[in-house]
Number of protein chains: 2
Amino acid sequence: MFRTHTCGELRISDVNKQITLAGWVQRTRKMGGMTFVDLRDRYGITQLVFNEAVNQELCEQANKLGREFVIQITGTVNERYNKNEHIPTGDIEIIVSEMKVLNVANTPPFTIEDNTDGGDDIRMKYRYLDLRRNNVRSNMELRHKMTIEVRKYLDELGFLEVETPILIGSTPEGARDFVVPSRMNLGQFYALPQSPQLFKQLLMVSGFDRYFQIAKCFRDEDLRADRQPEFTQIDCEMSFVDQEDVIQTFEGMAKHLFKSIRGIEITETFQRIPWADAMKYYGSDKPDLRFDMKFVELMDIMKGHGFPVFDSAEYIGGICAEGAASYTRKQLDALTDFVKRPQIGAKGMVYARVEADGTVKSSVDKFYTQEVLQQMKEAFNAKPGDLILILSGDDAMKTRKQLCELRLEVGSQLGLRDKDTFVCLWVVDFPLFEWDEETGRYMAMHHPFTSPKPEDIHLLDSDPGAVRANAYDMVINGVEVGGGSIRIYDSELQNKMFQLLGFTPERAQEQFGFLMDAFKFGAPPHGGLAYGLDRWVSLFAGLDSIRDCIAFPKNNSGRDVMTDAPAPLDPSQLEELNLIVDIKE
Amino acid sequence: MFRTHTCGELRISDVNKQITLAGWVQRTRKMGGMTFVDLRDRYGITQLVFNEAVNQELCEQANKLGREFVIQITGTVNERYNKNEHIPTGDIEIIVSEMKVLNVANTPPFTIEDNTDGGDDIRMKYRYLDLRRNNVRSNMELRHKMTIEVRKYLDELGFLEVETPILIGSTPEGARDFVVPSRMNLGQFYALPQSPQLFKQLLMVSGFDRYFQIAKCFRDEDLRADRQPEFTQIDCEMSFVDQEDVIQTFEGMAKHLFKSIRGIEITETFQRIPWADAMKYYGSDKPDLRFDMKFVELMDIMKGHGFPVFDSAEYIGGICAEGAASYTRKQLDALTDFVKRPQIGAKGMVYARVEADGTVKSSVDKFYTQEVLQQMKEAFNAKPGDLILILSGDDAMKTRKQLCELRLEVGSQLGLRDKDTFVCLWVVDFPLFEWDEETGRYMAMHHPFTSPKPEDIHLLDSDPGAVRANAYDMVINGVEVGGGSIRIYDSELQNKMFQLLGFTPERAQEQFGFLMDAFKFGAPPHGGLAYGLDRWVSLFAGLDSIRDCIAFPKNNSGRDVMTDAPAPLDPSQLEELNLIVDIKE
């Protein structure tokens, strides 16, 4: 036993106790004949005092302590003269009588403080030091607490956590698999799962009724800020349920998490928005509803008045930013530049201010009478002081997505996207298929096992694009935190889906044969959902990237710069696997 | 909502309620004008009744139901005339008024019963049907419950569950790694972790203080009954602890699991046996102490009396099987055959019976006087009716291991190894090194980070084989359920270890450089333990193989016969990875 207490534990009620602590030296201060040392561990900081007059030798040892030395001290708890109200141990200090340096430390390459002087790259290289910082470690503590609460909620509802395999077969459909050569099965490969989808459906066939798993998933994709090659899902599936049952169960889980983790009690039912409305009013299947600023379509009002850009447009729509008429020309130019960035791709932006007297002044006044502009104002229900921003284009969907980016940017500028305000909603009624320009065929919007809405099944042949799915996403603050669907449990309907998706019966059998076979032995109606754990933690922690809630993340090239992985293999390992690396120039 | 209740829920107090159930048809019985259907789900079985006289059409439909059809019924709860005391729903039945076949089912290839008629191979191929069987599913329920209790215990003690990466760097030391080619880093590979060892030690350097993870681990080894290429560990690490702290913490966890899972309250402290004693008295570092039958060494007594086998032996030792003097010649011959099997490798076995009058009759009577045999009897403290079995050999350790197998076999035959009796112990004081004949050098018995006992450090250079480690294994009923060690936290001592293990400084740096580097920034004293979850579940479930507590296990060739993985890759996938498969003849 190296300690009697932790560094976050001692209080005024412990005064005069003889105690032993161990931890890291956060900082040392010499004041007159006294040396003060802040000793840190995961639980807090305790101030140590060394008095030259009392024990000169010990005090001199203390003066030699460097930052991040690991020490063990014994001493007496003393009431502090200058109390520190910012820390729970701030009322006391330790008069040290013995000290042992357990380990010395090189000077860390950045400061171990909430506001460190270290840049991203060096913090990733020395991630084990970065994790010493309170704010980084607290993300991991939050993650731990969330998984505890998730399991508690689901266990109480009778869900069983079942581990599904990590070494599975590869399915070339969907994103790219990571693969694992098998030494014992020559020339053959396992794949790492992109999700436990097929296995959880098999568990439903097995009668497990309610399954969940906090599961590692893998995707070999080019990485972005919110993507990691390995990520964690709260994966769930239920039998004998319809969409409403799944939504109720997981809305309940979201509310449980909000309450237990953030102390926020959400009593109202989450709003549900059909996918078509989400696209129409927010240009996104994951709208941020912390603020309204709905799109208003202006084709009827603004087209045909001689403004060539609008007259040739397939879509004209805008948003009304309340009270933003005071935006300067410079601010408006910046917004125009924003929407014209290649990532967004708009050609330009039209704006209109509603003046104090109710008249509208726009950037295209020469084409429009005040009467038309007033009609436009009415369409937005705009008031004096409001700013109207309009985009147009020859592809309605593309233009809406541009307008979505503009809406989010303006929302941010107006302070309408507070990280501590949460608005949760369900996007429902997704299309079953989406048209893929590249391959010239329909693709499954979710995955090929998603059930069409029964009332739309008759459209499967005549108008597949109009068929809606029993699929749903949960969206919080513009982040898709989870999604799922009711699955097809009828072999015939499943075969029809494969056919519509362009699978030959042979390929369907090759890739999903074992699932199709399983369905022949009595599959129950079932459906489920997967939440992204990393996204939930990021959201609750107010992080911009999921990377910050992962203990040892990879960088954008999929590298762990700390351990320098991946790396070339030992030639004998390759030989054993019957592999030759053949890098093309 | 497909049901108002589950099939395990209705009781006599529900009589006359109108209810809806959904589930699988377990069996149908036609008796006179009545048809009885047992409807099954995860929660139980409920009897459905169809009366021809009341609703002929419905009854005819019921007669057509096949085994494992998925149906939904509505009806009224009725008190049963012939109650079934074997099931919780046995007091009631459902008078069915409506029925819907949700899905038909092919006849399953084996019966969905606790005692199925399906062999191992077919059950693995149709694992999703095997998992419908109560006794198979209940292993998964046990597994779920165990992980819930493990997390509860550790969370309450302040342990944080931290996910460490699955895509890591390869370390050729130790068992064989599974590797994963990186597409984004040409010619480079990740490895799948054999354990989170390095990462958990880094978390201690990060000040996480108490870490755990229920972690998937991977080893590309040739498989045996109790090995799987992927397996699950309860992996733990603590800072500022010595061996006693770790042992106390995890003995507490074992007791918590026994109590919460099996309802067994263990109040006494677990026995601790030094490794040397375990080898000396039981020939095993994981002795089964459900029965005593300690080895007795007989070199002093039995050598030098003219029996050539013993006279040339380096080890003579035996066990005393209480009350087994009645073993027939046939049984004794079978035991001799048992120890002579190539897997065990003994040359022969000597036996001796203690007769009712106290005299000893042995298979080598012609070489020994009754006086010597009496000395031997005394050494075993044997009583009339006991059977003494003796092995000898020219290698003490090998002979002890043979004697260990004999002891276990005899223990089984005498019914001393009851699956519902549990004896837990710690094996401590392991040697730090073991000599490897093949490479002619010392190898780390646990791993290169294991700390020597401080009092033995002075022997590191002079007599490395005598240095004991701060390492410990928990053993239950002859199964090593977990093990761990106190780690080295001093860079100099670690370098010395690498040197003794034959690492050049360059190779040590290449393989463990990041850990060595991390240790330079203030590593705390730390240690930990990993429990094998699969082994724990098997033990509690009374299973012979860990395979039965894994939902989707692999066979001995590492194949998942259900999904037929691994499999050859699509050539385009290989090309993208810059790999050529080159199978040598």
# chains A, B, ... in the order shown; residues from 1 in each chain; ligands from 1

$ select_by_dssp --residues "region 372-507 of chain A" --states "alpha helix (DSSP H)" --output "VMD selection string"
chain A and resid 372 to 380 396 to 413 459 to 462 491 to 500 505 to 507

$ residues_around --residues "region 532-545 of chain B" --least-positions-apart "2" --cutoff "8 Å" --atoms "only C-alpha atoms" --output "NGL selection string"
:B and (139 or 142-143 or 146 or 225-226 or 231-234 or 262 or 419-420 or 479 or 481-482 or 530 or 547-550)

$ write_last_selection --atoms "C-alpha atoms" --output "CSV table (one decimal), in the first residue's frame"
chain,number,residue,atom,x,y,z
B,139,ASN,CA,-24.7,-19.8,-21.1
B,142,LEU,CA,-24.8,-16.2,-17.7
B,143,ARG,CA,-22.1,-14.4,-19.6
B,146,MET,CA,-21.2,-11.9,-15.3
B,225,ALA,CA,-10.6,-27.3,-27.0
B,226,ASP,CA,-10.1,-24.4,-24.6
B,231,PHE,CA,-11.2,-14.6,-26.7
B,232,THR,CA,-12.2,-12.1,-24.0
B,233,GLN,CA,-10.3,-10.9,-21.0
B,234,ILE,CA,-11.3,-8.9,-18.0
B,262,ARG,CA,-23.8,-18.7,-8.1
B,419,LYS,CA,-18.5,-29.3,-10.9
B,420,ASP,CA,-20.6,-27.6,-8.3
B,479,VAL,CA,-8.3,-23.9,-14.2
B,481,VAL,CA,-8.9,-18.2,-14.4
B,482,GLY,CA,-6.5,-15.2,-14.3
B,530,ALA,CA,-6.3,-10.3,-16.4
B,547,ARG,CA,-16.5,-22.8,-27.1
B,548,ASP,CA,-19.9,-23.4,-25.5
B,549,CYS,CA,-20.0,-20.0,-23.8
B,550,ILE,CA,-19.2,-18.1,-27.0

$ residues_around --residues "Ser97 (chain B)" --least-positions-apart "5" --cutoff "12 Å" --atoms "only C-alpha atoms" --output "list in words"
Gln18, Ile19, Thr20, Leu21, Leu48, Val49, Phe50, Asn51, Glu52, Val54, Asn55, Gln56, Glu57, Leu58, Cys59, Gln61, Ala62, Gln72, Ile73, Thr74, Gly75, Thr76 and Val77 of chain B

$ closest_atom_pairs --of "chain A" --to "chain B" --cutoff "6 Å" --atoms "only C-alpha atoms" --output "tab-separated table"
residue	atom	partner	partner_atom	distance
A:Met1	CA	B:Val241	CA	5.4
A:Phe2	CA	B:Phe240	CA	5.3
A:Arg42	CA	B:Gly207	CA	5.9
A:Glu68	CA	B:Gly522	CA	5.9
A:Phe69	CA	B:Gly522	CA	5.5
A:Val70	CA	B:Gly522	CA	5.6
A:Asn103	CA	B:Gly522	CA	5.6
A:Val104	CA	B:Gly522	CA	5.7
A:Ala105	CA	B:Phe521	CA	4.2
A:Asn106	CA	B:Phe521	CA	5.1
A:Tyr128	CA	B:Ser206	CA	5.0
A:Leu129	CA	B:Ser206	CA	5.8
A:Leu131	CA	B:Ser206	CA	5.5
A:Arg132	CA	B:Ser206	CA	4.8
A:His144	CA	B:Glu161	CA	5.5
A:Glu161	CA	B:His144	CA	5.5
A:Ile168	CA	B:Ala565	CA	5.9
A:Gly169	CA	B:Ala565	CA	4.7
A:Val179	CA	B:Val180	CA	5.9
A:Val180	CA	B:Val180	CA	5.0
A:Gln188	CA	B:Pro568	CA	4.3
A:Phe189	CA	B:Pro566	CA	4.9
A:Tyr190	CA	B:Pro566	CA	4.6
A:Leu202	CA	B:Tyr128	CA	6.0
A:Ser206	CA	B:Arg132	CA	4.8
A:Gly207	CA	B:Arg132	CA	5.9
A:Phe240	CA	B:Phe2	CA	5.3
A:Val241	CA	B:Met1	CA	5.4
A:Phe514	CA	B:Thr563	CA	5.8
A:Lys520	CA	B:Ala105	CA	5.5
A:Phe521	CA	B:Ala105	CA	4.2
A:Gly522	CA	B:Ala105	CA	4.5
A:Thr563	CA	B:Phe514	CA	5.9
A:Ala565	CA	B:Gly169	CA	4.7
A:Pro566	CA	B:Tyr190	CA	4.6
A:Ala567	CA	B:Gln188	CA	4.6
A:Pro568	CA	B:Gln188	CA	4.3
A:Asn578	CA	B:Asp582	CA	5.1
A:Leu579	CA	B:Val581	CA	4.8
A:Ile580	CA	B:Ile580	CA	5.0
A:Val581	CA	B:Leu579	CA	4.8
A:Asp582	CA	B:Asn578	CA	5.1
A:Ile583	CA	B:Asn578	CA	5.4

$ residues_around --residues "Leu387 (chain B)" --least-positions-apart "5" --cutoff "9 Å" --atoms "only C-alpha atoms" --output "PyMOL selection string"
chain B and resi 319-327+351-354+382

$ write_last_selection --atoms "N, CA and C atoms" --output "mmCIF file, in the first residue's frame"
data_model
loop_
_atom_site.group_PDB
_atom_site.id
_atom_site.type_symbol
_atom_site.label_atom_id
_atom_site.label_comp_id
_atom_site.auth_asym_id
_atom_site.auth_seq_id
_atom_site.Cartn_x
_atom_site.Cartn_y
_atom_site.Cartn_z
ATOM 1 N N ILE B 319 0.970 -40.912 -5.330
ATOM 2 C CA ILE B 319 -0.220 -40.376 -4.687
ATOM 3 C C ILE B 319 -0.937 -41.512 -3.982
ATOM 4 N N CYS B 320 -1.739 -41.131 -3.017
ATOM 5 C CA CYS B 320 -2.498 -42.130 -2.279
ATOM 6 C C CYS B 320 -3.985 -41.880 -2.512
ATOM 7 N N ALA B 321 -4.634 -42.852 -3.162
ATOM 8 C CA ALA B 321 -6.069 -42.712 -3.438
ATOM 9 C C ALA B 321 -6.836 -43.398 -2.323
ATOM 10 N N GLU B 322 -7.461 -42.582 -1.513
ATOM 11 C CA GLU B 322 -8.159 -43.103 -0.331
ATOM 12 C C GLU B 322 -9.254 -44.086 -0.702
ATOM 13 N N GLY B 323 -9.223 -45.227 -0.065
ATOM 14 C CA GLY B 323 -10.306 -46.199 -0.252
ATOM 15 C C GLY B 323 -10.351 -46.847 -1.615
ATOM 16 N N ALA B 324 -9.274 -46.701 -2.404
ATOM 17 C CA ALA B 324 -9.314 -47.232 -3.771
ATOM 18 C C ALA B 324 -8.595 -48.568 -3.896
ATOM 19 N N ALA B 325 -8.305 -49.229 -2.764
ATOM 20 C CA ALA B 325 -7.612 -50.512 -2.827
ATOM 21 C C ALA B 325 -8.446 -51.558 -3.546
ATOM 22 N N SER B 326 -9.737 -51.297 -3.638
ATOM 23 C CA SER B 326 -10.615 -52.238 -4.316
ATOM 24 C C SER B 326 -10.508 -52.152 -5.836
ATOM 25 N N TYR B 327 -9.697 -51.241 -6.350
ATOM 26 C CA TYR B 327 -9.513 -51.173 -7.805
ATOM 27 C C TYR B 327 -9.135 -52.544 -8.334
ATOM 28 N N TYR B 351 1.933 -49.812 -8.428
ATOM 29 C CA TYR B 351 0.842 -49.584 -7.483
ATOM 30 C C TYR B 351 1.034 -50.437 -6.242
ATOM 31 N N ALA B 352 0.371 -50.034 -5.202
ATOM 32 C CA ALA B 352 0.459 -50.769 -3.935
ATOM 33 C C ALA B 352 -0.856 -50.598 -3.195
ATOM 34 N N ARG B 353 -1.373 -51.747 -2.706
ATOM 35 C CA ARG B 353 -2.622 -51.692 -1.942
ATOM 36 C C ARG B 353 -2.306 -51.835 -0.459
ATOM 37 N N VAL B 354 -3.032 -51.059 0.358
ATOM 38 C CA VAL B 354 -2.908 -51.277 1.799
ATOM 39 C C VAL B 354 -4.048 -52.208 2.203
ATOM 40 N N ALA B 382 -0.968 -43.589 4.746
ATOM 41 C CA ALA B 382 -2.034 -44.385 4.133
ATOM 42 C C ALA B 382 -2.671 -45.326 5.130
#

$ closest_residue --among "B:Ser392, B:Thr504, B:Ser195, B:Ser138" --to "Arg219 (chain B)" --atoms "only C-alpha atoms"
B:Ser195

$ select_by_dssp --residues "region 312-341 of chain B" --states "strand (DSSP E)" --output "list in words"
Tyr315, Ile316, Gly317, Gly318, Ile319, Cys320 and Ala321 of chain B

$ closest_residue --among "A:His86, A:Arg329, A:Arg507, A:Lys294" --to "Asn381 (chain A)" --atoms "only C-alpha atoms"
A:Lys294

$ atom_distance --atom1 "CA of Ser362 (chain B)" --atom2 "CA of Glu314 (chain B)"
21.0 Å

$ residues_around --residues "Tyr281 (chain A)" --least-positions-apart "5" --cutoff "9 Å" --atoms "only C-alpha atoms" --output "ChimeraX atom specification"
/A:276,287,293-297,400,404
